[in-house]
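Asker: What follows is entry.txt, made up of compact mmCIF, N, CA and C atoms and all ligand atoms:
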```
# COMPACT_ATOMS: atom_id res chain seq x y z
N MET R 1 -5.93 -16.60 -1.31
CA MET R 1 -6.47 -15.24 -1.38
C MET R 1 -5.54 -14.37 -2.22
N PRO R 2 -6.05 -13.70 -3.23
CA PRO R 2 -5.18 -12.86 -4.05
C PRO R 2 -4.70 -11.65 -3.25
N GLY R 3 -3.52 -11.16 -3.61
CA GLY R 3 -2.99 -9.99 -2.92
C GLY R 3 -3.76 -8.74 -3.31
N LEU R 4 -3.49 -7.69 -2.59
CA LEU R 4 -4.15 -6.42 -2.87
C LEU R 4 -3.55 -5.77 -4.11
N ASN R 5 -4.32 -4.91 -4.72
CA ASN R 5 -3.83 -4.12 -5.83
C ASN R 5 -3.08 -2.92 -5.25
N LEU R 6 -1.75 -2.94 -5.40
CA LEU R 6 -0.91 -1.93 -4.77
C LEU R 6 -0.19 -1.07 -5.79
N ASP R 7 0.06 0.18 -5.42
CA ASP R 7 0.88 1.06 -6.24
C ASP R 7 1.65 1.97 -5.28
N LEU R 8 2.69 2.60 -5.79
CA LEU R 8 3.47 3.51 -4.96
C LEU R 8 3.61 4.86 -5.63
N ASN R 9 3.52 5.90 -4.84
CA ASN R 9 3.88 7.23 -5.31
C ASN R 9 5.14 7.65 -4.57
N ILE R 10 6.14 8.07 -5.35
CA ILE R 10 7.41 8.48 -4.74
C ILE R 10 7.58 9.98 -4.94
N ASP R 11 7.85 10.71 -3.88
CA ASP R 11 8.09 12.14 -4.05
C ASP R 11 9.57 12.40 -4.30
N LYS R 12 9.94 13.66 -4.46
CA LYS R 12 11.31 13.98 -4.85
C LYS R 12 12.33 13.68 -3.75
N HIS R 13 11.86 13.46 -2.54
CA HIS R 13 12.76 13.06 -1.45
C HIS R 13 12.79 11.55 -1.27
N HIS R 14 12.21 10.83 -2.22
CA HIS R 14 12.16 9.36 -2.21
C HIS R 14 11.29 8.82 -1.08
N ASN R 15 10.39 9.65 -0.58
CA ASN R 15 9.42 9.14 0.39
C ASN R 15 8.30 8.46 -0.39
N ALA R 16 7.94 7.29 0.06
CA ALA R 16 6.96 6.50 -0.67
C ALA R 16 5.59 6.57 0.01
N THR R 17 4.60 6.80 -0.81
CA THR R 17 3.23 6.70 -0.35
C THR R 17 2.61 5.49 -1.02
N LEU R 18 2.09 4.61 -0.21
CA LEU R 18 1.47 3.41 -0.74
C LEU R 18 0.03 3.72 -1.15
N VAL R 19 -0.33 3.26 -2.34
CA VAL R 19 -1.70 3.42 -2.82
C VAL R 19 -2.32 2.03 -2.87
N VAL R 20 -3.39 1.84 -2.14
CA VAL R 20 -4.05 0.55 -2.06
C VAL R 20 -5.45 0.68 -2.62
N GLU R 21 -5.78 -0.20 -3.54
CA GLU R 21 -7.13 -0.19 -4.08
C GLU R 21 -8.04 -1.02 -3.19
N CYS R 22 -9.15 -0.45 -2.80
CA CYS R 22 -10.13 -1.18 -1.99
C CYS R 22 -10.74 -2.29 -2.84
N PRO R 23 -10.67 -3.55 -2.35
CA PRO R 23 -11.22 -4.65 -3.14
C PRO R 23 -12.74 -4.58 -3.28
N ALA R 24 -13.39 -3.84 -2.41
CA ALA R 24 -14.85 -3.77 -2.44
C ALA R 24 -15.36 -2.68 -3.37
N CYS R 25 -14.80 -1.46 -3.29
CA CYS R 25 -15.38 -0.34 -4.04
C CYS R 25 -14.40 0.30 -5.02
N LYS R 26 -13.14 -0.21 -5.08
CA LYS R 26 -12.11 0.29 -6.00
C LYS R 26 -11.63 1.70 -5.67
N HIS R 27 -12.04 2.22 -4.52
CA HIS R 27 -11.54 3.51 -4.07
C HIS R 27 -10.06 3.36 -3.75
N GLU R 28 -9.26 4.39 -4.01
CA GLU R 28 -7.83 4.29 -3.71
C GLU R 28 -7.51 4.98 -2.39
N LEU R 29 -6.88 4.22 -1.51
CA LEU R 29 -6.48 4.74 -0.22
C LEU R 29 -4.98 4.93 -0.22
N THR R 30 -4.50 5.98 0.42
CA THR R 30 -3.06 6.21 0.47
C THR R 30 -2.59 6.20 1.92
N HIS R 31 -1.36 5.76 2.07
CA HIS R 31 -0.76 5.70 3.41
C HIS R 31 0.75 5.77 3.25
N HIS R 32 1.44 6.48 4.16
CA HIS R 32 2.89 6.51 4.08
C HIS R 32 3.46 5.11 4.28
N LEU R 33 4.33 4.70 3.37
CA LEU R 33 4.89 3.35 3.43
C LEU R 33 5.67 3.13 4.72
N LYS R 34 6.42 4.15 5.13
CA LYS R 34 7.28 4.03 6.32
C LYS R 34 6.51 3.70 7.58
N SER R 35 5.30 4.20 7.68
CA SER R 35 4.56 4.04 8.93
C SER R 35 3.65 2.81 8.92
N LEU R 36 3.80 1.97 7.91
CA LEU R 36 2.98 0.76 7.84
C LEU R 36 3.66 -0.41 8.51
N THR R 37 2.88 -1.24 9.15
CA THR R 37 3.39 -2.47 9.74
C THR R 37 2.56 -3.62 9.20
N PRO R 38 3.12 -4.85 9.21
CA PRO R 38 2.33 -5.99 8.76
C PRO R 38 1.05 -6.12 9.58
N ASP R 39 0.00 -6.53 8.91
CA ASP R 39 -1.33 -6.68 9.50
C ASP R 39 -1.97 -5.36 9.88
N HIS R 40 -1.48 -4.28 9.27
CA HIS R 40 -2.10 -2.98 9.42
C HIS R 40 -3.49 -3.01 8.76
N ILE R 41 -4.43 -2.34 9.36
CA ILE R 41 -5.78 -2.28 8.79
C ILE R 41 -6.02 -0.87 8.25
N LEU R 42 -6.41 -0.82 6.96
CA LEU R 42 -6.77 0.46 6.37
C LEU R 42 -8.28 0.51 6.21
N PRO R 43 -8.95 1.37 6.96
CA PRO R 43 -10.40 1.45 6.83
C PRO R 43 -10.79 2.31 5.62
N CYS R 44 -11.64 1.76 4.77
CA CYS R 44 -12.12 2.49 3.60
C CYS R 44 -13.40 3.23 3.96
N THR R 45 -13.70 4.25 3.17
CA THR R 45 -14.93 5.01 3.41
C THR R 45 -16.19 4.18 3.17
N CYS R 46 -16.06 3.07 2.42
CA CYS R 46 -17.23 2.21 2.15
C CYS R 46 -17.51 1.26 3.31
N GLY R 47 -16.62 1.25 4.31
CA GLY R 47 -16.83 0.37 5.44
C GLY R 47 -15.94 -0.85 5.42
N GLU R 48 -15.27 -1.08 4.29
CA GLU R 48 -14.36 -2.21 4.17
C GLU R 48 -13.12 -1.98 5.03
N GLN R 49 -12.71 -3.01 5.74
CA GLN R 49 -11.46 -2.94 6.51
C GLN R 49 -10.41 -3.70 5.71
N ILE R 50 -9.50 -2.98 5.11
CA ILE R 50 -8.52 -3.62 4.23
C ILE R 50 -7.31 -4.05 5.06
N GLY R 51 -7.10 -5.33 5.14
CA GLY R 51 -5.98 -5.85 5.90
C GLY R 51 -4.75 -5.96 5.01
N LEU R 52 -3.66 -5.35 5.45
CA LEU R 52 -2.42 -5.39 4.69
C LEU R 52 -1.53 -6.46 5.31
N SER R 53 -1.34 -7.56 4.60
CA SER R 53 -0.55 -8.66 5.16
C SER R 53 0.94 -8.35 5.05
N GLY R 54 1.74 -9.13 5.76
CA GLY R 54 3.18 -9.00 5.67
C GLY R 54 3.66 -9.20 4.24
N HIS R 55 2.95 -10.08 3.52
CA HIS R 55 3.30 -10.35 2.12
C HIS R 55 3.05 -9.12 1.25
N ASP R 56 1.92 -8.46 1.45
CA ASP R 56 1.61 -7.24 0.69
C ASP R 56 2.64 -6.15 0.99
N LEU R 57 2.99 -6.03 2.26
CA LEU R 57 3.95 -5.02 2.68
C LEU R 57 5.32 -5.30 2.05
N ALA R 58 5.73 -6.56 2.02
CA ALA R 58 7.01 -6.93 1.41
C ALA R 58 7.01 -6.61 -0.08
N ARG R 59 5.89 -6.83 -0.75
CA ARG R 59 5.78 -6.49 -2.17
C ARG R 59 5.95 -4.99 -2.37
N ALA R 60 5.31 -4.22 -1.51
CA ALA R 60 5.38 -2.76 -1.61
C ALA R 60 6.80 -2.28 -1.38
N GLN R 61 7.49 -2.88 -0.40
CA GLN R 61 8.86 -2.46 -0.10
C GLN R 61 9.81 -2.85 -1.22
N ALA R 62 9.59 -4.02 -1.83
CA ALA R 62 10.41 -4.45 -2.96
C ALA R 62 10.23 -3.49 -4.14
N LEU R 63 8.98 -3.07 -4.35
CA LEU R 63 8.66 -2.12 -5.41
C LEU R 63 9.36 -0.79 -5.16
N HIS R 64 9.37 -0.35 -3.92
CA HIS R 64 10.02 0.89 -3.53
C HIS R 64 11.52 0.82 -3.83
N GLN R 65 12.17 -0.29 -3.45
CA GLN R 65 13.60 -0.46 -3.70
C GLN R 65 13.89 -0.41 -5.20
N GLN R 66 13.03 -1.07 -5.97
CA GLN R 66 13.18 -1.10 -7.42
C GLN R 66 13.11 0.31 -8.01
N ILE R 67 12.16 1.11 -7.52
CA ILE R 67 11.94 2.44 -8.07
C ILE R 67 13.11 3.37 -7.72
N ILE R 68 13.57 3.35 -6.46
CA ILE R 68 14.61 4.30 -6.09
C ILE R 68 15.96 3.92 -6.67
N ARG R 69 16.12 2.68 -7.10
CA ARG R 69 17.37 2.27 -7.74
C ARG R 69 17.45 2.77 -9.18
N ASN R 70 16.31 3.01 -9.78
CA ASN R 70 16.29 3.44 -11.19
C ASN R 70 16.53 4.95 -11.35
ZN ZN R 101 -14.04 0.69 -0.24
```
What is this file in C-alpha cells?
Ligand SMILES: [Zn+2]

Answerer:
Amino acid sequence: MPGLNLDLNIDKHHNATLVVECPACKHELTHHLKSLTPDHILPCTCGEQIGLSGHDLARAQALHQQIIRN
C-alpha cells in the first residue's frame, strides 16, 4: 500500500501542522503533528477515513526534524 501524500506547515514557533491529502477526493486535511498518534484516523468531509500509520507518522516527524534543522 502506498503511503499517504504528506506535507508540513511550520509556524514561526516551529510548531508543525501536518497536511494530509485525502486519497479519495484530494482534499487537504490539517492536524497538529504533536497531537497525532500512530493509527490515528482522520475523517475527511467526503466520508473517507484516512488511517495514518506509524510509518506515515515517522515520515512526517523526520520531515519536521529536517525542516527545523535548516
Ligand atoms: Zn476526501

Asker: Do you have the CA of Cys22 (chain R)-atom C of His64 (chain R) distance handy?

Answerer: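 Going from CA of Cys22 (chain R) over to atom C of His64 (chain R) covers 21.8 Å.
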
Asker: By how many Å are atom N of Cys25 (chain R) and atom N of Gln65 (chain R) apart?

Answerer: 27.0 Å

Asker: Using only C-alpha atoms and all ligand atoms, find each residue with an atom at most 7 Å away from ligand ZN 101 (chain R) and format the answer as a VMD selection string.

Answerer: chain R and resid 22 to 27 44 to 48

Asker: Go through R:Pro38, R:Arg69, R:Ala62, R:Val19 one by one, measure the shortest atom-to-atom distance of each to Leu6 (chain R) using only N, CA and C atoms, and give the residue with the smallest value.

Answerer: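 Closest candidate: R:Val19.
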
Asker: Run DSSP on the backbone of this structure and report the residues of chain R it assigns to strand (DSSP E or B), as a PyMOL selection string.

Answerer: chain R and resi 6-10+16-21+28-32+40-43+49-52

Asker: Could you tell me which of R:Thr30, R:Ser53, R:Ser35, R:Gln66 comes closest to Asp7 (chain R) if we count only C-alpha atoms?

Answerer: R:Thr30

Asker: Leu4 (chain R): which residues within 7 Å, counting all atoms listed in the file, same-chain residues fewer than 5 positions away excluded, as a ChimeraX atom specification?

Answerer: /R:20-21,56

Asker: Take the residues that were just selected and, keeping N, CA and C atoms, output them as an mmCIF file, in the coordinates of the input.

Answerer:
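Saved to selection07.cif:
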```cif
data_model
loop_
_atom_site.group_PDB
_atom_site.id
_atom_site.type_symbol
_atom_site.label_atom_id
_atom_site.label_comp_id
_atom_site.auth_asym_id
_atom_site.auth_seq_id
_atom_site.Cartn_x
_atom_site.Cartn_y
_atom_site.Cartn_z
ATOM 1 N N VAL R 20 -3.390 1.840 -2.140
ATOM 2 C CA VAL R 20 -4.050 0.550 -2.060
ATOM 3 C C VAL R 20 -5.450 0.680 -2.620
ATOM 4 N N GLU R 21 -5.780 -0.200 -3.540
ATOM 5 C CA GLU R 21 -7.130 -0.190 -4.080
ATOM 6 C C GLU R 21 -8.040 -1.020 -3.190
ATOM 7 N N ASP R 56 1.920 -8.460 1.450
ATOM 8 C CA ASP R 56 1.610 -7.240 0.690
ATOM 9 C C ASP R 56 2.640 -6.150 0.990
#
```

Asker: With a distance cut-off of 9 Å and only C-alpha atoms, select the neighbouring residues of Asn15 (chain R), excluding the residue or stretch itself and same-chain residues fewer than 3 positions from it, and output the selection as number ranges by chain.

Answerer: R: 9-12, 32-34

Asker: Could you please determine the separation between CA of Ile68 (chain R) and CA of Gly51 (chain R) in Å, to one decimal place?

Answerer: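 Distance reported for this atom pair: 25.9 Å.
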
Asker: Would you mind listing what lies within 6.5 Å of Leu8 (chain R) as a ChimeraX atom specification, with all atoms listed in the file counted and same-chain residues fewer than 4 positions away left out?

Answerer: /R:16-19

Asker: Can you spit out the residues from that selection as a PDB file, keeping the file's coordinate frame, using N, CA and C atoms?

Answerer:
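result.pdb was written with the following content:
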```pdb
ATOM      1  N   ALA R  16       7.940   7.290   0.060  1.00  0.00           N
ATOM      2  CA  ALA R  16       6.960   6.500  -0.670  1.00  0.00           C
ATOM      3  C   ALA R  16       5.590   6.570   0.010  1.00  0.00           C
ATOM      4  N   THR R  17       4.600   6.800  -0.810  1.00  0.00           N
ATOM      5  CA  THR R  17       3.230   6.700  -0.350  1.00  0.00           C
ATOM      6  C   THR R  17       2.610   5.490  -1.020  1.00  0.00           C
ATOM      7  N   LEU R  18       2.090   4.610  -0.210  1.00  0.00           N
ATOM      8  CA  LEU R  18       1.470   3.410  -0.740  1.00  0.00           C
ATOM      9  C   LEU R  18       0.030   3.720  -1.150  1.00  0.00           C
ATOM     10  N   VAL R  19      -0.330   3.260  -2.340  1.00  0.00           N
ATOM     11  CA  VAL R  19      -1.700   3.420  -2.820  1.00  0.00           C
ATOM     12  C   VAL R  19      -2.320   2.030  -2.870  1.00  0.00           C
TER      13      VAL R  19
END
```

Asker: Write out as a PyMOL selection string all residues of chain R that backbone DSSP assigns to alpha helix (DSSP H).

Answerer: chain R and resi 54-69

Asker: Using only C-alpha atoms, can you tell me which of R:Leu57, R:Gly3, R:Ile67, R:Leu52 comes closest to Asp39 (chain R)?

Answerer: R:Leu52
